[in-house]
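Let me begin by presenting the structure, written as structure tokens, before commenting on it.
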Amino acid sequence: MSSWRSLLLRIGENCPEYGGNSDFKDHIETCSAVVRRELEHWGNDILTVGLLNLENEDFVGKVVDNTRSTLQDALESENCNSIRILMRFLTAMMCSKVLQPSSLVVVYETLLSSAATTVDEEKGNPSWQARADFYITCILVCLPWGGAELVEQVPEEIERVMVGVEAYLRIRRHVSDTGFSVFEGFDDTEKAHDEKDFLEDLWGRIQDLSNSGWKLESVPRPHLSFEAQLVAGKSHDLGPISCPEQPELPAMLSAISYGKQKHEAELKYPQRIHRLNIFPASKTEDLQPIDRFVAEEYLLDVLLFLNGCRKECASYLVGLPVPFRYEYLMAETIFSQLLFLPNPPFKPIYYTLVIIDLCKALPGAFPAVVAGAVRALFDKIDDLDMECRTRLILWFSHHLSNFQFIWPWDEWAHVLDLPKWAPQRVFVQEVLEREVRLSYWDKVKQSIENAPALEELLPPKGVPNFKYGGEEGGDRPAEHALSVELSGMVKGRQTVREVNSWIEESVIPAHGYEITLSVIVQTLLDIGSKSFTHLITVLERYGQVIARMCPDQDKQEMLITEVSSYWKNSAQLTAITIDRMMGYRLISNLAIVRWVFSPANIDQFHTSDRLWEILRNAVNKTYNRISDLRKEISNLKRGIVSAEEAATKAKEELEAAESKLSLVDGEPVLGENPVRLKRLKAKAEKTKEEEVSARESLEAKEALLARALDENEALFLSLFKNFSTILTERLHDAFRDGMLQQSSQADEMAIDLEDSSAMELDKENGKLMKKFPLPPLLFPVQVLNKFFLARSALRVLFIFFFVGFGQQ
């Protein structure tokens, strides 16, 4: 990193680059001097302006033009983070007298006009409200940094923008984030709909800031220290920008077409939702609402731009330029991102590592805050979304593994008095199971010495459950003899054909299919049980033996049962083995779904994550196949373009060489030197072959993609059908036994499955009224909330739909 960049990044820090001096004014002067010295060498890369505008207006003019073009590119490419940061950078340049305030207002009005047009019911496309909301958010988030200067310099123009934002908020639709709420409070659904969404809440905070004279403590204003100097510089004009055209509504408007466009918009412009409130208000009661928002922006920006440098990220997180303590706010923000639905912005492991580094950077404060967050979330675990509960389990077990598994387990010893399905008991049980995966059984047992009764929740030691082991095989001598014979064949490296012949000619006729399958699977798993490498080797060498015995879903379901039986003491190895077998196509995803929903497994749905882990793996692997094929097809298409260009060029070179006159023995001859001509012909033929080969590869990959999409659709339908059956049966039994009473709203929530209309137009107000056909198992929704099973099922179903099937 060059010296000026290092200095620029560390303005305001007490660091060696500035000799331990913490005065930001001296930092800015020092950095500006270094930048001026290196201007000739780094002119195209520098994006700092400040005092440079006083000495080199042309250079700063180039910076302004470059910023405008970069913002325009970001708008066209729909790069949300770049748009947001560049808007704030423009506002900061305006504060430093580099940019004319009126130019900045024009940018605001451009975004505002586009947003208002988008949500207009007659002229716009309301399904793209996500983009419109994002544009308005970009305007509002700039005002804490430049609102005071805009009001002072262009009061009428900024007032016009504020009125426009208020008008926009009146015509847009309220966005409910209940579906993405970390806590499932169906009883509070009406309350949730009455609450402000993120944009409405942000507008309220900006209004409060405006009423207080735009005064806030969380935004540094270093330009004020140089105001007397900055006014002498030239204020540059930004130039116009334009927003991309909104997609047109489909000619035939339906719930599906409208929903697809809305989903596409929300994927490109993710919806901001309320921060997760973990701690009581007393922990952050001294903060003003706008200061809380600004601090959250700082935290999210650091997490975004330093996501590849966890230690640097933690260092910046603990040194934000705010005059108040924010440990609790920081913890809530990080947990909000970790538990964000449907998916966190970054991989969960990133947040895990950041929290670990923050605990080490602030040993006297942050570990206690994290512990408080865990206790608060544990107390609310009954209402925690199932996906978030799983993430919390994975994070907490990993976190404890980095701190010697130390935790006051005696505080949670009371979970043993709860039913086996109780969320708090399941949480403790799953955390301990994940800890065993990260360490070993005796170590985890030692960590709960202060609550020895919790040993009951520890998983069994992960030893295999081999039916045909021991001396003479116990009460199965015949099966034991077969297992020993098969082991000898494997050790003797006999071929798959020889093993298949032995099975079909000698074993199945004498012992039947079920016993044969059990012996073969259990024996091969036992041979591969020493390590993951042993398992892979066995599946690669003798997987075709299993494939020949299990050609259909019924037999594959029996195969999964044998795997589960062999590894019944290890949920981890059960999941790994089934996942590897699916990878080698020994097991289909539909067989896994059938096995998970088999009657023998239903009672485990609400007491363990074992089955859900296997189902998640199957869903993810199915979707990952599609993603990988799409990437390969995209690369092949680019390769075909390159191959076509190379073939065309080679052909042109050959034709030019053939048509060229040359002298051979003093006589004119059509064509170049025969040696070169031969080389050009060979090159032309080779490039043509490469083009043909690339096209054939593309056709093969497209065929595989079509097959994968069909498999994905079949998987979704199978999941939905099985969930529907399970939930319907259990709700029917509950009502029959008098365990639940049908709510008064049941008739209102019932859905006519024979209603073929997907979307109707409300003729009184012209608004779209959507009707989506759903099975009767979803009524009443208040009843479903009482069932841990139902919530688990819906969690997997809808995550699969949006992440997998929904992106086809």
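Ligands are numbered from 1 in the order shown, residues from 1 within each chain, and chains are lettered A, B, ... in the order they appear in the structure tokens.
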Long-range neighbours of Pro321 (chain A) as a tab-separated table (two decimals) with N, CA and C atoms, in the first residue's frame, 10 Å cut-off, only C-alpha atoms, 3 positions minimum in chain:
```tsv
chain	number	residue	atom	x	y	z
A	12	GLY	N	-7.79	10.21	11.62
A	12	GLY	CA	-8.58	10.15	12.85
A	12	GLY	C	-8.16	9.06	13.81
A	13	GLU	N	-7.19	8.22	13.43
A	13	GLU	CA	-6.74	7.14	14.31
A	13	GLU	C	-5.46	7.53	15.04
A	217	GLU	N	-24.25	14.27	16.96
A	217	GLU	CA	-22.88	14.09	17.45
A	217	GLU	C	-22.13	12.99	16.70
A	218	SER	N	-22.84	12.16	15.98
A	218	SER	CA	-22.21	10.95	15.42
A	218	SER	C	-21.53	11.18	14.08
A	219	VAL	N	-21.69	12.35	13.47
A	219	VAL	CA	-21.08	12.63	12.16
A	219	VAL	C	-19.96	13.65	12.34
A	220	PRO	N	-18.70	13.27	12.15
A	220	PRO	CA	-17.60	14.23	12.25
A	220	PRO	C	-17.71	15.28	11.14
A	295	ALA	N	-24.58	5.28	13.48
A	295	ALA	CA	-23.63	4.28	13.99
A	295	ALA	C	-23.84	2.93	13.28
A	298	TYR	N	-22.15	3.10	9.94
A	298	TYR	CA	-20.71	2.90	10.08
A	298	TYR	C	-20.39	1.41	10.20
A	316	TYR	N	-11.35	-1.69	13.03
A	316	TYR	CA	-12.12	-0.49	12.68
A	316	TYR	C	-13.44	-0.45	13.43
A	317	LEU	N	-14.04	-1.60	13.69
A	317	LEU	CA	-15.32	-1.62	14.41
A	317	LEU	C	-15.19	-1.04	15.81
A	318	VAL	N	-14.04	-1.24	16.45
A	318	VAL	CA	-13.88	-0.75	17.83
A	318	VAL	C	-13.43	0.71	17.87
A	324	PHE	N	-19.90	8.26	21.85
A	324	PHE	CA	-20.64	7.48	22.84
A	324	PHE	C	-20.23	6.01	22.73
```
Would you write out, as JSON lines, a table of all residues in region 154-178 of chain A that have an atom no more than 12 Å from an atom of region 126-132 of chain A, listing for each the closest atom pair and the distance in Å to one decimal, considering only C-alpha atoms and ordering rows by chain and rising residue number?
```
{"residue": "A:Val165", "atom": "CA", "partner": "A:Ala132", "partner_atom": "CA", "distance": 11.0}
{"residue": "A:Tyr168", "atom": "CA", "partner": "A:Ala132", "partner_atom": "CA", "distance": 9.4}
{"residue": "A:Leu169", "atom": "CA", "partner": "A:Ala132", "partner_atom": "CA", "distance": 10.6}
{"residue": "A:Ile171", "atom": "CA", "partner": "A:Pro126", "partner_atom": "CA", "distance": 10.4}
{"residue": "A:Arg172", "atom": "CA", "partner": "A:Gln129", "partner_atom": "CA", "distance": 7.6}
{"residue": "A:Arg173", "atom": "CA", "partner": "A:Gln129", "partner_atom": "CA", "distance": 8.1}
{"residue": "A:His174", "atom": "CA", "partner": "A:Gln129", "partner_atom": "CA", "distance": 10.2}
{"residue": "A:Val175", "atom": "CA", "partner": "A:Ala130", "partner_atom": "CA", "distance": 9.4}
```
Go ahead and save the residues from that selection, with all heavy atoms, as a PDB file, in the first residue's frame.
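Final output, saved to again13.pdb:
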```pdb
ATOM      1  N   VAL A 165     -40.131  13.803  -1.063  1.00  0.00           N
ATOM      2  CA  VAL A 165     -39.996  12.537  -0.340  1.00  0.00           C
ATOM      3  C   VAL A 165     -41.265  12.238   0.439  1.00  0.00           C
ATOM      4  O   VAL A 165     -41.766  11.100   0.446  1.00  0.00           O
ATOM      5  CB  VAL A 165     -38.770  12.581   0.596  1.00  0.00           C
ATOM      6  CG1 VAL A 165     -38.756  11.358   1.509  1.00  0.00           C
ATOM      7  CG2 VAL A 165     -37.476  12.659  -0.202  1.00  0.00           C
ATOM      8  N   TYR A 168     -43.861  11.051  -1.898  1.00  0.00           N
ATOM      9  CA  TYR A 168     -43.589   9.673  -2.311  1.00  0.00           C
ATOM     10  C   TYR A 168     -44.059   8.676  -1.253  1.00  0.00           C
ATOM     11  O   TYR A 168     -44.671   7.651  -1.575  1.00  0.00           O
ATOM     12  CB  TYR A 168     -42.097   9.492  -2.574  1.00  0.00           C
ATOM     13  CG  TYR A 168     -41.701   8.034  -2.763  1.00  0.00           C
ATOM     14  CD1 TYR A 168     -41.861   7.417  -3.994  1.00  0.00           C
ATOM     15  CD2 TYR A 168     -41.193   7.282  -1.704  1.00  0.00           C
ATOM     16  CE1 TYR A 168     -41.529   6.080  -4.176  1.00  0.00           C
ATOM     17  CE2 TYR A 168     -40.860   5.950  -1.875  1.00  0.00           C
ATOM     18  CZ  TYR A 168     -41.030   5.350  -3.108  1.00  0.00           C
ATOM     19  OH  TYR A 168     -40.706   4.030  -3.270  1.00  0.00           O
ATOM     20  N   LEU A 169     -43.786   8.992   0.003  1.00  0.00           N
ATOM     21  CA  LEU A 169     -44.169   8.073   1.078  1.00  0.00           C
ATOM     22  C   LEU A 169     -45.681   7.929   1.191  1.00  0.00           C
ATOM     23  O   LEU A 169     -46.171   6.915   1.699  1.00  0.00           O
ATOM     24  CB  LEU A 169     -43.582   8.562   2.406  1.00  0.00           C
ATOM     25  CG  LEU A 169     -42.061   8.427   2.533  1.00  0.00           C
ATOM     26  CD1 LEU A 169     -41.559   9.144   3.770  1.00  0.00           C
ATOM     27  CD2 LEU A 169     -41.657   6.972   2.567  1.00  0.00           C
ATOM     28  N   ILE A 171     -47.716   7.775  -1.454  1.00  0.00           N
ATOM     29  CA  ILE A 171     -48.265   6.979  -2.550  1.00  0.00           C
ATOM     30  C   ILE A 171     -47.674   5.572  -2.620  1.00  0.00           C
ATOM     31  O   ILE A 171     -48.230   4.701  -3.289  1.00  0.00           O
ATOM     32  CB  ILE A 171     -48.060   7.683  -3.908  1.00  0.00           C
ATOM     33  CG1 ILE A 171     -46.563   7.851  -4.213  1.00  0.00           C
ATOM     34  CG2 ILE A 171     -48.759   9.031  -3.927  1.00  0.00           C
ATOM     35  CD1 ILE A 171     -46.288   8.417  -5.585  1.00  0.00           C
ATOM     36  N   ARG A 172     -46.567   5.327  -1.952  1.00  0.00           N
ATOM     37  CA  ARG A 172     -45.974   4.003  -1.986  1.00  0.00           C
ATOM     38  C   ARG A 172     -46.758   3.049  -1.096  1.00  0.00           C
ATOM     39  O   ARG A 172     -47.568   3.474  -0.254  1.00  0.00           O
ATOM     40  CB  ARG A 172     -44.507   4.036  -1.518  1.00  0.00           C
ATOM     41  CG  ARG A 172     -44.395   4.312  -0.029  1.00  0.00           C
ATOM     42  CD  ARG A 172     -42.965   4.439   0.425  1.00  0.00           C
ATOM     43  NE  ARG A 172     -42.289   3.180   0.559  1.00  0.00           N
ATOM     44  CZ  ARG A 172     -42.290   2.431   1.667  1.00  0.00           C
ATOM     45  NH1 ARG A 172     -42.972   2.817   2.739  1.00  0.00           N
ATOM     46  NH2 ARG A 172     -41.611   1.308   1.702  1.00  0.00           N
ATOM     47  N   ARG A 173     -46.510   1.778  -1.273  1.00  0.00           N
ATOM     48  CA  ARG A 173     -47.150   0.774  -0.432  1.00  0.00           C
ATOM     49  C   ARG A 173     -46.286   0.475   0.778  1.00  0.00           C
ATOM     50  O   ARG A 173     -45.056   0.346   0.660  1.00  0.00           O
ATOM     51  CB  ARG A 173     -47.384  -0.512  -1.222  1.00  0.00           C
ATOM     52  CG  ARG A 173     -48.385  -0.355  -2.343  1.00  0.00           C
ATOM     53  CD  ARG A 173     -48.600  -1.666  -3.057  1.00  0.00           C
ATOM     54  NE  ARG A 173     -49.543  -1.524  -4.152  1.00  0.00           N
ATOM     55  CZ  ARG A 173     -49.909  -2.506  -4.962  1.00  0.00           C
ATOM     56  NH1 ARG A 173     -49.362  -3.715  -4.798  1.00  0.00           N
ATOM     57  NH2 ARG A 173     -50.772  -2.310  -5.934  1.00  0.00           N
ATOM     58  N   HIS A 174     -46.938   0.354   1.912  1.00  0.00           N
ATOM     59  CA  HIS A 174     -46.227  -0.019   3.135  1.00  0.00           C
ATOM     60  C   HIS A 174     -45.610  -1.401   2.957  1.00  0.00           C
ATOM     61  O   HIS A 174     -46.232  -2.318   2.421  1.00  0.00           O
ATOM     62  CB  HIS A 174     -47.196  -0.030   4.315  1.00  0.00           C
ATOM     63  CG  HIS A 174     -46.625  -0.584   5.583  1.00  0.00           C
ATOM     64  ND1 HIS A 174     -45.863   0.169   6.448  1.00  0.00           N
ATOM     65  CD2 HIS A 174     -46.697  -1.829   6.127  1.00  0.00           C
ATOM     66  CE1 HIS A 174     -45.490  -0.585   7.471  1.00  0.00           C
ATOM     67  NE2 HIS A 174     -45.990  -1.804   7.302  1.00  0.00           N
ATOM     68  N   VAL A 175     -44.350  -1.546   3.347  1.00  0.00           N
ATOM     69  CA  VAL A 175     -43.651  -2.822   3.217  1.00  0.00           C
ATOM     70  C   VAL A 175     -43.629  -3.509   4.581  1.00  0.00           C
ATOM     71  O   VAL A 175     -43.078  -2.966   5.544  1.00  0.00           O
ATOM     72  CB  VAL A 175     -42.204  -2.621   2.710  1.00  0.00           C
ATOM     73  CG1 VAL A 175     -41.467  -3.959   2.670  1.00  0.00           C
ATOM     74  CG2 VAL A 175     -42.213  -1.981   1.335  1.00  0.00           C
TER      75      VAL A 175
END
```
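Across the model, the gap from CA of Thr137 (chain A) to CA of Gln246 (chain A) is 17.9 Å.
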Smallest atom-to-atom distance to Thr648 (chain A): which of A:Glu152, A:Tyr623, A:Ile576, A:Lys686, using only C-alpha atoms?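 Among the listed residues, A:Lys686 lies closest to Thr648 (chain A).
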Which of these residues is nearest to Ser718 (chain A), using only C-alpha atoms: A:Val545, A:Leu338, A:Ala650, A:Ala591? A:Ala591
Could you give me, as a PDB file with C-alpha atoms, in the first residue's frame, the residues within 12 Å of Thr577 (chain A), counting only C-alpha atoms and dropping anything in the same chain fewer than 6 positions from it?
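part.pdb was written with the following content:
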```pdb
ATOM      1  CA  VAL A 521     -24.133 -51.685   2.835  1.00  0.00           C
ATOM      2  CA  LEU A 524     -18.842 -51.446   2.932  1.00  0.00           C
ATOM      3  CA  LEU A 525     -19.598 -48.661   5.429  1.00  0.00           C
ATOM      4  CA  ASP A 526     -17.594 -50.482   8.087  1.00  0.00           C
ATOM      5  CA  GLY A 528     -14.903 -47.016   5.024  1.00  0.00           C
ATOM      6  CA  SER A 529     -15.506 -45.975   8.636  1.00  0.00           C
ATOM      7  CA  SER A 531     -11.791 -41.859   7.904  1.00  0.00           C
ATOM      8  CA  PHE A 532     -13.459 -39.680   5.318  1.00  0.00           C
ATOM      9  CA  THR A 533     -10.815 -40.759   2.790  1.00  0.00           C
ATOM     10  CA  HIS A 534     -11.629 -44.438   3.415  1.00  0.00           C
ATOM     11  CA  LEU A 535     -15.311 -43.711   2.805  1.00  0.00           C
ATOM     12  CA  ILE A 536     -14.602 -41.928  -0.485  1.00  0.00           C
ATOM     13  CA  VAL A 538     -14.957 -47.408  -0.897  1.00  0.00           C
ATOM     14  CA  LEU A 539     -17.701 -45.458  -2.673  1.00  0.00           C
ATOM     15  CA  LEU A 559     -30.265 -47.935   1.588  1.00  0.00           C
ATOM     16  CA  ILE A 560     -30.610 -44.675   3.543  1.00  0.00           C
ATOM     17  CA  THR A 561     -32.196 -46.594   6.407  1.00  0.00           C
ATOM     18  CA  GLU A 562     -29.151 -48.880   6.565  1.00  0.00           C
ATOM     19  CA  VAL A 563     -26.795 -45.877   6.544  1.00  0.00           C
ATOM     20  CA  SER A 564     -28.778 -44.251   9.362  1.00  0.00           C
ATOM     21  CA  SER A 565     -28.725 -47.491  11.322  1.00  0.00           C
ATOM     22  CA  TYR A 566     -24.962 -47.918  10.942  1.00  0.00           C
ATOM     23  CA  TRP A 567     -24.237 -44.324  12.009  1.00  0.00           C
ATOM     24  CA  LYS A 568     -27.098 -43.948  14.480  1.00  0.00           C
ATOM     25  CA  SER A 570     -23.287 -39.912  14.818  1.00  0.00           C
ATOM     26  CA  ALA A 571     -25.586 -37.406  13.160  1.00  0.00           C
ATOM     27  CA  GLY A 583     -22.896 -36.809  -4.919  1.00  0.00           C
ATOM     28  CA  TYR A 584     -22.077 -40.154  -6.574  1.00  0.00           C
ATOM     29  CA  LEU A 586     -26.247 -43.616  -5.556  1.00  0.00           C
ATOM     30  CA  ILE A 587     -29.156 -41.862  -3.852  1.00  0.00           C
ATOM     31  CA  ILE A 614     -29.884 -34.173   5.730  1.00  0.00           C
ATOM     32  CA  ASN A 617     -27.947 -30.836   2.289  1.00  0.00           C
ATOM     33  CA  ALA A 618     -30.099 -32.488  -0.372  1.00  0.00           C
TER      34      ALA A 618
END
```
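Interatomic distance, CA of Arg325 (chain A) against CA of Pro363 (chain A): 15.0 Å.
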Please compute the CA of Leu143 (chain A)-CA of Leu267 (chain A) distance, one decimal, in Å.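 If I compute the distance from CA of Leu143 (chain A) to CA of Leu267 (chain A), I get 26.2 Å.
Residue nearest Glu689 (chain A) within the list A:Ala600, A:Ala643, A:Val322, A:Ala281: A:Ala643 [criterion: smallest interatomic distance, only C-alpha atoms].
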